[in-house]
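File shown: target-v4.json (JSON, C-alpha atoms and all ligand atoms).
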[["chain", "number", "residue", "atom", "x", "y", "z"],
["A", 847, "MET", "CA", 107.61, -48.70, -155.62],
["A", 848, "LEU", "CA", 110.76, -46.59, -155.52],
["A", 849, "ALA", "CA", 112.91, -45.57, -158.47],
["A", 850, "LEU", "CA", 115.92, -43.27, -158.39],
["A", 851, "SER", "CA", 117.15, -42.20, -161.77],
["A", 852, "ASN", "CA", 120.52, -40.48, -162.18],
["A", 853, "VAL", "CA", 120.28, -38.69, -158.85],
["A", 854, "GLU", "CA", 122.94, -36.16, -158.02],
["A", 855, "VAL", "CA", 123.26, -34.49, -154.61],
["A", 856, "VAL", "CA", 125.34, -31.42, -153.85],
["A", 857, "TYR", "CA", 126.10, -30.10, -150.34],
["A", 858, "ASP", "CA", 126.80, -26.41, -149.73],
["A", 859, "LYS", "CA", 126.35, -25.75, -153.47],
["A", 860, "VAL", "CA", 129.82, -27.16, -154.16],
["A", 861, "PHE", "CA", 130.39, -30.67, -152.82],
["A", 862, "LEU", "CA", 129.11, -33.39, -155.15],
["A", 863, "ALA", "CA", 128.30, -36.27, -152.76],
["A", 864, "ILE", "CA", 126.40, -38.60, -155.06],
["A", 865, "ARG", "CA", 126.81, -38.70, -158.80],
["A", 866, "GLY", "CA", 124.12, -40.21, -160.97],
["A", 867, "VAL", "CA", 122.74, -42.86, -158.61],
["A", 868, "SER", "CA", 120.00, -45.04, -160.08],
["A", 869, "LEU", "CA", 118.29, -47.78, -158.15],
["A", 870, "SER", "CA", 114.90, -49.35, -157.72],
["A", 871, "LEU", "CA", 112.93, -51.32, -155.21],
["A", 872, "GLU", "CA", 109.80, -53.42, -155.73],
["A", 873, "GLN", "CA", 106.77, -53.33, -153.46],
["A", 874, "GLY", "CA", 107.46, -55.71, -150.55],
["A", 875, "GLY", "CA", 111.13, -56.05, -151.48],
["A", 876, "MET", "CA", 114.22, -55.82, -149.32],
["A", 877, "VAL", "CA", 117.19, -54.03, -150.79],
["A", 878, "ALA", "CA", 120.57, -53.09, -149.31],
["A", 879, "LEU", "CA", 122.88, -50.20, -150.13],
["A", 880, "LEU", "CA", 126.38, -51.29, -149.22],
["A", 881, "GLY", "CA", 129.59, -49.33, -149.18],
["A", 882, "ALA", "CA", 132.43, -47.95, -147.12],
["A", 883, "ASN", "CA", 132.48, -44.77, -144.99],
["A", 884, "GLY", "CA", 131.70, -41.71, -147.01],
["A", 885, "ALA", "CA", 130.53, -43.62, -150.09],
["A", 886, "GLY", "CA", 127.24, -41.74, -150.22],
["A", 887, "LYS", "CA", 124.80, -44.21, -148.65],
["A", 888, "SER", "CA", 123.30, -41.88, -146.02],
["A", 889, "THR", "CA", 123.10, -39.07, -148.56],
["A", 890, "THR", "CA", 121.08, -41.33, -150.84],
["A", 891, "LEU", "CA", 118.63, -42.10, -148.01],
["A", 892, "LYS", "CA", 118.34, -38.42, -147.09],
["A", 893, "ALA", "CA", 117.61, -37.56, -150.72],
["A", 894, "ILE", "CA", 114.75, -40.08, -150.63],
["A", 895, "SER", "CA", 113.33, -38.98, -147.27],
["A", 896, "GLY", "CA", 113.75, -35.26, -147.94],
["A", 897, "LEU", "CA", 116.21, -34.63, -145.12],
["A", 898, "LEU", "CA", 118.95, -32.94, -147.12],
["A", 899, "ALA", "CA", 117.78, -29.37, -146.65],
["A", 900, "PRO", "CA", 118.77, -29.03, -142.95],
["A", 901, "GLU", "CA", 122.30, -30.06, -144.01],
["A", 902, "ARG", "CA", 122.40, -27.58, -146.90],
["A", 903, "GLY", "CA", 122.22, -30.42, -149.38],
["A", 904, "GLU", "CA", 120.01, -30.60, -152.46],
["A", 905, "VAL", "CA", 119.13, -32.92, -155.29],
["A", 906, "THR", "CA", 120.52, -31.08, -158.31],
["A", 907, "ARG", "CA", 119.78, -33.66, -160.97],
["A", 908, "GLY", "CA", 117.68, -36.75, -161.59],
["A", 909, "SER", "CA", 114.33, -37.95, -160.31],
["A", 910, "ILE", "CA", 113.09, -39.90, -157.30],
["A", 911, "GLU", "CA", 109.76, -41.59, -157.84],
["A", 912, "PHE", "CA", 107.79, -43.14, -155.01],
["A", 913, "LEU", "CA", 104.57, -44.91, -155.93],
["A", 914, "GLY", "CA", 104.76, -43.31, -159.36],
["A", 915, "GLN", "CA", 105.13, -39.72, -158.14],
["A", 916, "ASN", "CA", 108.25, -37.55, -158.36],
["A", 917, "ILE", "CA", 108.83, -36.70, -154.71],
["A", 918, "VAL", "CA", 111.83, -34.38, -155.10],
["A", 919, "PRO", "CA", 109.73, -31.21, -154.72],
["A", 920, "LEU", "CA", 107.90, -32.56, -151.64],
["A", 921, "GLY", "CA", 108.86, -31.77, -148.04],
["A", 922, "ALA", "CA", 109.91, -34.46, -145.57],
["A", 923, "ALA", "CA", 106.59, -34.48, -143.66],
["A", 924, "ARG", "CA", 104.63, -35.04, -146.87],
["A", 925, "ARG", "CA", 106.88, -37.98, -147.70],
["A", 926, "VAL", "CA", 106.26, -39.54, -144.26],
["A", 927, "ALA", "CA", 102.52, -39.16, -144.86],
["A", 928, "MET", "CA", 102.98, -41.04, -148.17],
["A", 929, "GLY", "CA", 104.54, -43.95, -146.25],
["A", 930, "LEU", "CA", 108.26, -43.25, -146.43],
["A", 931, "VAL", "CA", 110.13, -43.42, -143.14],
["A", 932, "HIS", "CA", 113.83, -43.01, -142.44],
["A", 933, "VAL", "CA", 115.48, -44.37, -139.30],
["A", 934, "MET", "CA", 118.62, -42.27, -139.16],
["A", 935, "GLU", "CA", 122.03, -43.51, -138.18],
["A", 936, "GLY", "CA", 122.75, -43.26, -134.47],
["A", 937, "ARG", "CA", 119.32, -44.13, -132.98],
["A", 938, "ARG", "CA", 117.99, -40.65, -132.49],
["A", 939, "ILE", "CA", 115.34, -41.49, -129.96],
["A", 940, "PHE", "CA", 114.05, -39.09, -127.31],
["A", 941, "GLY", "CA", 116.26, -40.15, -124.40],
["A", 942, "HIS", "CA", 114.33, -38.25, -121.74],
["A", 943, "LEU", "CA", 111.03, -39.91, -122.69],
["A", 944, "THR", "CA", 109.93, -43.47, -121.98],
["A", 945, "PRO", "CA", 109.80, -45.94, -124.87],
["A", 946, "ASP", "CA", 106.02, -45.72, -124.65],
["A", 947, "ASP", "CA", 106.09, -41.95, -125.09],
["A", 948, "ASN", "CA", 108.64, -42.26, -127.90],
["A", 949, "LEU", "CA", 106.16, -44.45, -129.73],
["A", 950, "LEU", "CA", 103.29, -42.10, -128.97],
["A", 951, "ALA", "CA", 105.31, -39.12, -130.30],
["A", 952, "ALA", "CA", 105.70, -40.85, -133.66],
["A", 953, "TYR", "CA", 102.00, -41.56, -134.10],
["A", 954, "ARG", "CA", 100.15, -39.25, -136.46],
["A", 955, "SER", "CA", 98.22, -36.46, -134.79],
["A", 956, "GLY", "CA", 94.49, -36.91, -135.03],
["A", 957, "GLY", "CA", 94.76, -40.70, -135.31],
["A", 958, "SER", "CA", 92.46, -42.89, -133.23],
["A", 959, "ARG", "CA", 93.39, -44.21, -129.82],
["A", 960, "SER", "CA", 92.56, -47.78, -130.85],
["A", 961, "ARG", "CA", 94.88, -47.64, -133.90],
["A", 962, "LEU", "CA", 97.61, -46.20, -131.66],
["A", 963, "ASN", "CA", 97.22, -49.13, -129.28],
["A", 964, "GLN", "CA", 97.23, -51.64, -132.14],
["A", 965, "LEU", "CA", 100.43, -50.20, -133.58],
["A", 966, "ARG", "CA", 102.08, -50.05, -130.16],
["A", 967, "ASP", "CA", 101.14, -53.68, -129.51],
["A", 968, "GLN", "CA", 102.58, -54.59, -132.88],
["A", 969, "VAL", "CA", 105.87, -52.87, -132.01],
["A", 970, "TYR", "CA", 106.06, -54.65, -128.64],
["A", 971, "GLY", "CA", 105.21, -57.90, -130.47],
["A", 972, "PHE", "CA", 108.22, -57.47, -132.74],
["A", 973, "PHE", "CA", 110.45, -56.27, -129.89],
["A", 974, "PRO", "CA", 109.19, -57.99, -126.71],
["A", 975, "ARG", "CA", 112.39, -56.90, -124.97],
["A", 976, "LEU", "CA", 111.08, -53.32, -124.95],
["A", 977, "THR", "CA", 108.00, -54.12, -122.88],
["A", 978, "GLN", "CA", 109.99, -54.48, -119.68],
["A", 979, "PHE", "CA", 111.35, -50.96, -120.13],
["A", 980, "SER", "CA", 108.18, -49.25, -121.30],
["A", 981, "ASN", "CA", 108.25, -46.86, -118.33],
["A", 982, "THR", "CA", 112.01, -46.29, -118.03],
["A", 983, "LYS", "CA", 113.70, -43.31, -119.68],
["A", 984, "ALA", "CA", 114.75, -44.47, -123.14],
["A", 985, "GLY", "CA", 118.19, -42.91, -122.68],
["A", 986, "TYR", "CA", 118.97, -45.68, -120.17],
["A", 987, "LEU", "CA", 118.33, -48.48, -122.66],
["A", 988, "SER", "CA", 121.25, -50.39, -124.17],
["A", 989, "GLY", "CA", 122.38, -49.58, -127.72],
["A", 990, "GLY", "CA", 120.52, -52.58, -129.12],
["A", 991, "GLU", "CA", 117.32, -51.70, -127.27],
["A", 992, "GLN", "CA", 117.55, -48.10, -128.48],
["A", 993, "GLN", "CA", 117.92, -49.37, -132.03],
["A", 994, "MET", "CA", 114.82, -51.52, -131.54],
["A", 995, "LEU", "CA", 112.96, -48.47, -130.25],
["A", 996, "ALA", "CA", 114.10, -46.37, -133.20],
["A", 997, "ILE", "CA", 112.74, -48.99, -135.59],
["A", 998, "GLY", "CA", 109.57, -49.32, -133.48],
["A", 999, "ARG", "CA", 109.04, -45.58, -133.62],
["A", 1000, "ALA", "CA", 109.31, -45.68, -137.41],
["A", 1001, "LEU", "CA", 106.68, -48.44, -137.50],
["A", 1002, "MET", "CA", 104.26, -46.14, -135.65],
["A", 1003, "THR", "CA", 104.06, -44.05, -138.85],
["A", 1004, "GLU", "CA", 102.62, -47.11, -140.70],
["A", 1005, "PRO", "CA", 105.30, -46.99, -143.39],
["A", 1006, "ARG", "CA", 105.14, -48.62, -146.78],
["A", 1007, "LEU", "CA", 108.88, -48.24, -147.11],
["A", 1008, "LEU", "CA", 111.15, -48.48, -144.08],
["A", 1009, "MET", "CA", 114.63, -47.03, -144.64],
["A", 1010, "LEU", "CA", 117.23, -48.02, -142.09],
["A", 1011, "ASP", "CA", 120.64, -46.36, -141.83],
["A", 1012, "GLU", "CA", 123.18, -48.74, -140.32],
["A", 1013, "PRO", "CA", 121.06, -50.47, -137.73],
["A", 1014, "SER", "CA", 124.02, -52.73, -136.89],
["A", 1015, "LEU", "CA", 126.28, -49.85, -135.83],
["A", 1016, "GLY", "CA", 128.09, -50.64, -132.59],
["A", 1017, "LEU", "CA", 126.09, -53.78, -131.82],
["A", 1018, "SER", "CA", 127.43, -57.22, -130.95],
["A", 1019, "PRO", "CA", 127.18, -59.88, -133.67],
["A", 1020, "ARG", "CA", 124.46, -61.68, -131.69],
["A", 1021, "LEU", "CA", 122.35, -58.54, -131.41],
["A", 1022, "VAL", "CA", 122.87, -57.74, -135.09],
["A", 1023, "GLN", "CA", 121.56, -61.20, -135.90],
["A", 1024, "GLU", "CA", 118.56, -60.69, -133.61],
["A", 1025, "ILE", "CA", 117.67, -57.27, -135.01],
["A", 1026, "PHE", "CA", 118.19, -58.30, -138.63],
["A", 1027, "GLY", "CA", 115.98, -61.35, -138.01],
["A", 1028, "ILE", "CA", 113.24, -59.02, -136.75],
["A", 1029, "ILE", "CA", 113.65, -56.68, -139.74],
["A", 1030, "GLY", "CA", 113.05, -59.71, -141.98],
["A", 1031, "GLN", "CA", 110.01, -60.64, -139.90],
["A", 1032, "ILE", "CA", 108.58, -57.09, -140.19],
["A", 1033, "ASN", "CA", 109.03, -57.27, -143.96],
["A", 1034, "ARG", "CA", 107.28, -60.64, -144.23],
["A", 1035, "GLU", "CA", 104.46, -60.02, -141.79],
["A", 1036, "THR", "CA", 103.55, -56.42, -142.66],
["A", 1037, "GLN", "CA", 104.64, -56.37, -146.33],
["A", 1038, "THR", "CA", 106.63, -53.24, -145.53],
["A", 1039, "SER", "CA", 109.40, -52.77, -148.09],
["A", 1040, "VAL", "CA", 112.86, -52.23, -146.64],
["A", 1041, "LEU", "CA", 115.84, -50.22, -147.88],
["A", 1042, "LEU", "CA", 118.79, -51.03, -145.66],
["A", 1043, "VAL", "CA", 122.03, -49.04, -145.60],
["A", 1044, "GLU", "CA", 124.87, -51.09, -144.17],
["A", 1045, "GLN", "CA", 128.60, -51.37, -143.85],
["A", 1046, "ASN", "CA", 128.06, -54.85, -142.44],
["A", 1047, "ALA", "CA", 127.61, -56.49, -145.83],
["A", 1048, "THR", "CA", 127.76, -60.00, -144.39],
["A", 1049, "ALA", "CA", 124.71, -59.46, -142.19],
["A", 1050, "ALA", "CA", 122.82, -57.42, -144.79],
["A", 1051, "LEU", "CA", 123.24, -59.94, -147.61],
["A", 1052, "GLU", "CA", 121.70, -62.61, -145.37],
["A", 1053, "ILE", "CA", 118.33, -60.85, -145.31],
["A", 1054, "VAL", "CA", 117.93, -58.77, -148.48],
["A", 1055, "ASP", "CA", 116.93, -59.96, -151.95],
["A", 1056, "HIS", "CA", 119.00, -57.45, -153.86],
["A", 1057, "ALA", "CA", 121.86, -55.04, -153.16],
["A", 1058, "TYR", "CA", 123.71, -52.09, -154.65],
["A", 1059, "LEU", "CA", 127.35, -51.31, -153.94],
["A", 1060, "ILE", "CA", 128.17, -47.62, -153.72],
["A", 1061, "GLU", "CA", 131.66, -46.19, -154.01],
["A", 1062, "ASN", "CA", 132.57, -42.51, -154.34],
["A", 1063, "GLY", "CA", 128.98, -41.50, -154.83],
["A", 1064, "GLN", "CA", 128.27, -43.97, -157.63],
["A", 1065, "VAL", "CA", 126.70, -47.38, -157.91],
["A", 1066, "VAL", "CA", 129.53, -49.66, -158.97],
["A", 1067, "MET", "CA", 127.73, -52.98, -158.83],
["A", 1068, "SER", "CA", 124.27, -54.40, -158.19],
["A", 1069, "GLY", "CA", 122.66, -57.80, -158.22],
["A", 1070, "SER", "CA", 120.81, -60.41, -156.24],
["A", 1071, "ALA", "CA", 122.15, -61.06, -152.75],
["A", 1072, "ALA", "CA", 123.03, -64.61, -153.81],
["A", 1073, "ASP", "CA", 125.07, -63.41, -156.80],
["A", 1074, "LEU", "CA", 126.86, -60.70, -154.83],
["A", 1075, "LYS", "CA", 127.80, -63.15, -152.09],
["A", 1076, "LYS", "CA", 129.50, -65.31, -154.72],
["A", 1077, "ASN", "CA", 131.33, -62.42, -156.39],
["A", 1078, "PRO", "CA", 135.07, -62.59, -155.55],
["A", 1079, "ASP", "CA", 135.46, -58.79, -155.45],
["A", 1080, "VAL", "CA", 132.55, -58.45, -153.06],
["A", 1081, "GLN", "CA", 134.02, -61.24, -150.97],
["A", 1082, "ASP", "CA", 137.40, -59.51, -150.87],
["A", 1083, "PHE", "CA", 136.28, -55.95, -150.23],
["A", 1084, "TYR", "CA", 133.01, -56.28, -148.38],
["A", 1085, "LEU", "CA", 132.74, -59.72, -146.83],
["A", 1086, "GLY", "CA", 136.15, -59.83, -145.18],
["A", 1087, "GLY", "CA", 137.50, -62.18, -147.85],
["A", 1088, "ALA", "CA", 136.32, -65.74, -148.32],
["A", 1089, "GLY", "CA", 139.78, -65.96, -149.78],
["A", 1090, "GLN", "CA", 141.50, -63.30, -147.61],
["A", 1091, "VAL", "CA", 142.72, -60.13, -149.33],
["A", 1092, "ASP", "CA", 146.45, -60.12, -149.65],
["A", 1093, "TYR", "CA", 147.14, -56.48, -148.87],
["A", 1094, "HIS", "CA", 150.84, -57.00, -149.59],
["A", 1095, "ASN", "CA", 149.88, -57.60, -153.15],
["A", 1096, "VAL", "CA", 149.07, -53.93, -153.54],
["A", 1097, "LYS", "CA", 149.19, -53.84, -157.33],
["A", 1098, "HIS", "CA", 146.61, -56.56, -157.58],
["A", 1099, "TYR", "CA", 144.45, -54.85, -154.98],
["A", 1100, "ARG", "CA", 144.59, -51.48, -156.75],
["A", 1101, "ARG", "CA", 143.85, -52.99, -160.13],
["A", 1102, "ARG", "CA", 140.71, -54.66, -158.83],
["A", 1103, "LYS", "CA", 139.74, -51.56, -156.91],
["A", 1104, "ARG", "CA", 140.00, -49.54, -160.13],
["A", 1105, "TRP", "CA", 137.85, -52.05, -161.89],
["A", 1106, "LEU", "CA", 135.19, -51.67, -159.21],
["A", 1107, "ALA", "CA", 135.24, -47.87, -159.47],
["A", 1201, "LIG", "P1", 128.99, -43.57, -143.52],
["A", 1201, "LIG", "O1", 128.92, -45.04, -143.71],
["A", 1201, "LIG", "O2", 130.26, -43.12, -142.90],
["A", 1201, "LIG", "O3", 127.77, -42.99, -142.89],
["A", 1201, "LIG", "P2", 128.01, -42.81, -146.14],
["A", 1201, "LIG", "O4", 128.26, -43.80, -147.23],
["A", 1201, "LIG", "O5", 126.65, -42.81, -145.54],
["A", 1201, "LIG", "O6", 129.11, -42.96, -145.01],
["A", 1201, "LIG", "P3", 127.56, -40.02, -146.62],
["A", 1201, "LIG", "O7", 127.33, -39.67, -145.20],
["A", 1201, "LIG", "O8", 126.41, -40.07, -147.53],
["A", 1201, "LIG", "O9", 128.36, -41.39, -146.74],
["A", 1201, "LIG", "O10", 128.63, -38.99, -147.19],
["A", 1201, "LIG", "C1", 128.96, -38.92, -148.58],
["A", 1201, "LIG", "C2", 129.93, -37.76, -148.79],
["A", 1201, "LIG", "O11", 129.25, -36.55, -148.53],
["A", 1201, "LIG", "C3", 131.12, -37.81, -147.84],
["A", 1201, "LIG", "O12", 132.27, -37.37, -148.55],
["A", 1201, "LIG", "C4", 130.75, -36.82, -146.75],
["A", 1201, "LIG", "O13", 131.90, -36.20, -146.21],
["A", 1201, "LIG", "C5", 129.91, -35.81, -147.52],
["A", 1201, "LIG", "N1", 128.87, -35.21, -146.66],
["A", 1201, "LIG", "C6", 127.94, -35.87, -145.94],
["A", 1201, "LIG", "N2", 127.13, -35.02, -145.28],
["A", 1201, "LIG", "C7", 127.57, -33.78, -145.60],
["A", 1201, "LIG", "C8", 127.16, -32.46, -145.23],
["A", 1201, "LIG", "N3", 126.11, -32.27, -144.42],
["A", 1201, "LIG", "N4", 127.85, -31.41, -145.74],
["A", 1201, "LIG", "C9", 128.92, -31.60, -146.56],
["A", 1201, "LIG", "N5", 129.35, -32.81, -146.95],
["A", 1201, "LIG", "C10", 128.70, -33.90, -146.47]]

Can the structure in the file be given as structure tokens, please?
Amino acid sequence: MLALSNVEVVYDKVFLAIRGVSLSLEQGGMVALLGANGAGKSTTLKAISGLLAPERGEVTRGSIEFLGQNIVPLGAARRVAMGLVHVMEGRRIFGHLTPDDNLLAAYRSGGSRSRLNQLRDQVYGFFPRLTQFSNTKAGYLSGGEQQMLAIGRALMTEPRLLMLDEPSLGLSPRLVQEIFGIIGQINRETQTSVLLVEQNATAALEIVDHAYLIENGQVVMSGSAADLKKNPDVQDFYLGGAGQVDYHNVKHYRRRKRWLA
């Protein structure tokens, strides 16, 4: 469904943010992009959704194919119409509108009223918590509820691929579990493929089939979620250490870090 081949992104014509990233995702699959701050995860998502231009970024090398078509030359709106949707980091909902109106704003213009109602019911079915606030300003919702609304708004575009940038950011572990459970449910019940960017590798590896680790703008490791969970380096650097990292043993740490890079 999605294939990135050797993608390079440059900001401001000088800063190389991702360097030769290749990854793929099957129809109906769930894949995570994991990595630390600044690794290049959000940039990868923006390259796919076409949102680099407002940040003076551009894909300078490689190809991005979605459903067999190279989408690099296409604008962001065209990509949404093809079924690609990107829920950006930081829950950028319309705070002054009600959740209901947020959902309405995301629905395609010219679409039928009955389809709108069906999609809205589907969103409230996945996130029943939102129904009680449907007429309150969305800016008053809690962080978790705003994240639910941001995902719900993306679902109003009837995506084939839902890309989520750090949905766990700033949420309590219980809420992360709840939201990740619902993301899994959306994937199973609507066959929407999911590309999940996360720093919370523990939570992400519980729901995805496959993951890529990104460091310094490059994919340094990829594999099934089960294999990555067992990998000692992933455990040390991304899962908080099944066997804790001994940071006093700096030499050992650096050697393994070099190996990963
Ligand atoms: P985080 O988890 O903190 O969101 P990330 O893995 O998503 O990090 P990116 O936001 O993709 O990382 O950033 C990758 C690199 O590109 C970083 O060095 C960052 O400083 C740089 N970068 C990101 N956006 C821009 C921009 N608009 N202009 C210039 N450099 C940028």

Selection as an mmCIF file with C-alpha atoms, in the coordinates of the input: residues within 7 Å of ligand LIG 1201 (chain A) by only C-alpha atoms and all ligand atoms:
data_model
loop_
_atom_site.group_PDB
_atom_site.id
_atom_site.type_symbol
_atom_site.label_atom_id
_atom_site.label_comp_id
_atom_site.auth_asym_id
_atom_site.auth_seq_id
_atom_site.Cartn_x
_atom_site.Cartn_y
_atom_site.Cartn_z
ATOM 1 C CA TYR A 857 126.100 -30.100 -150.340
ATOM 2 C CA ASP A 858 126.800 -26.410 -149.730
ATOM 3 C CA PHE A 861 130.390 -30.670 -152.820
ATOM 4 C CA ALA A 863 128.300 -36.270 -152.760
ATOM 5 C CA ILE A 864 126.400 -38.600 -155.060
ATOM 6 C CA GLY A 881 129.590 -49.330 -149.180
ATOM 7 C CA ALA A 882 132.430 -47.950 -147.120
ATOM 8 C CA ASN A 883 132.480 -44.770 -144.990
ATOM 9 C CA GLY A 884 131.700 -41.710 -147.010
ATOM 10 C CA ALA A 885 130.530 -43.620 -150.090
ATOM 11 C CA GLY A 886 127.240 -41.740 -150.220
ATOM 12 C CA LYS A 887 124.800 -44.210 -148.650
ATOM 13 C CA SER A 888 123.300 -41.880 -146.020
ATOM 14 C CA THR A 889 123.100 -39.070 -148.560
ATOM 15 C CA THR A 890 121.080 -41.330 -150.840
ATOM 16 C CA GLU A 901 122.300 -30.060 -144.010
ATOM 17 C CA ARG A 902 122.400 -27.580 -146.900
ATOM 18 C CA GLY A 903 122.220 -30.420 -149.380
ATOM 19 C CA GLN A 1045 128.600 -51.370 -143.850
ATOM 20 C CA GLY A 1063 128.980 -41.500 -154.830
#

Point-to-point distance in Å for atom CA of Arg954 of chain A and atom CA of Leu879 of chain A: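 It comes out at 28.7 Å.
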
Can I get the residues of segment 987-1068 of chain A within 9 Å of segment 945-952 of chain A, each with the closest pair of atoms and their distance in Å to one decimal, using all atoms listed in the file, sorted chain first then ascending number, as a tab-separated table?
residue	atom	partner	partner_atom	distance
A:Gln992	CA	A:Pro945	CA	8.8
A:Leu995	CA	A:Pro945	CA	6.7
A:Ala996	CA	A:Asn948	CA	8.6
A:Gly998	CA	A:Leu949	CA	7.0
A:Arg999	CA	A:Leu949	CA	5.0
A:Ala1000	CA	A:Ala952	CA	7.1
A:Leu1001	CA	A:Ala952	CA	8.6
A:Met1002	CA	A:Ala952	CA	5.8
A:Thr1003	CA	A:Ala952	CA	6.3

Shell around segment 924-931 of chain A at 6 Å using only C-alpha atoms, local window under 3 positions removed, as number ranges by chain: A: 921, 1005-1009

Computed interatomic separation between atom CA of Ala922 of chain A and atom CA of Lys983 of chain A (Å):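 Distance reported for this atom pair: 27.6 Å.
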
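Atom CA of Phe973 of chain A is found 18.7 Å from atom CA of Gly1016 of chain A.
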
Residues within 9 Å of Gly908 of chain A, all atoms listed in the file, excluding chain neighbours under 3 positions, as a list in words: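 Residues near the query, excluding close chain neighbours: Leu850, Ser851, Asn852, Val853, Glu854, Gly866, Val867, Ser868 and Val905 of chain A.
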
Selected residues written out, C-alpha atoms, as a PDB file, in the frame of the given file:
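Saved result, out_17.pdb, follows:
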ATOM      1  CA  LEU A 850     115.920 -43.270-158.390  1.00  0.00           C
ATOM      2  CA  SER A 851     117.150 -42.200-161.770  1.00  0.00           C
ATOM      3  CA  ASN A 852     120.520 -40.480-162.180  1.00  0.00           C
ATOM      4  CA  VAL A 853     120.280 -38.690-158.850  1.00  0.00           C
ATOM      5  CA  GLU A 854     122.940 -36.160-158.020  1.00  0.00           C
ATOM      6  CA  GLY A 866     124.120 -40.210-160.970  1.00  0.00           C
ATOM      7  CA  VAL A 867     122.740 -42.860-158.610  1.00  0.00           C
ATOM      8  CA  SER A 868     120.000 -45.040-160.080  1.00  0.00           C
ATOM      9  CA  VAL A 905     119.130 -32.920-155.290  1.00  0.00           C
TER      10      VAL A 905
END

Nearest to Phe1026 of chain A, chosen from A:Val1040, A:Leu987, A:Leu976, A:Leu880, with only C-alpha atoms counted in the distances: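 Nearest to Phe1026 of chain A: A:Val1040.
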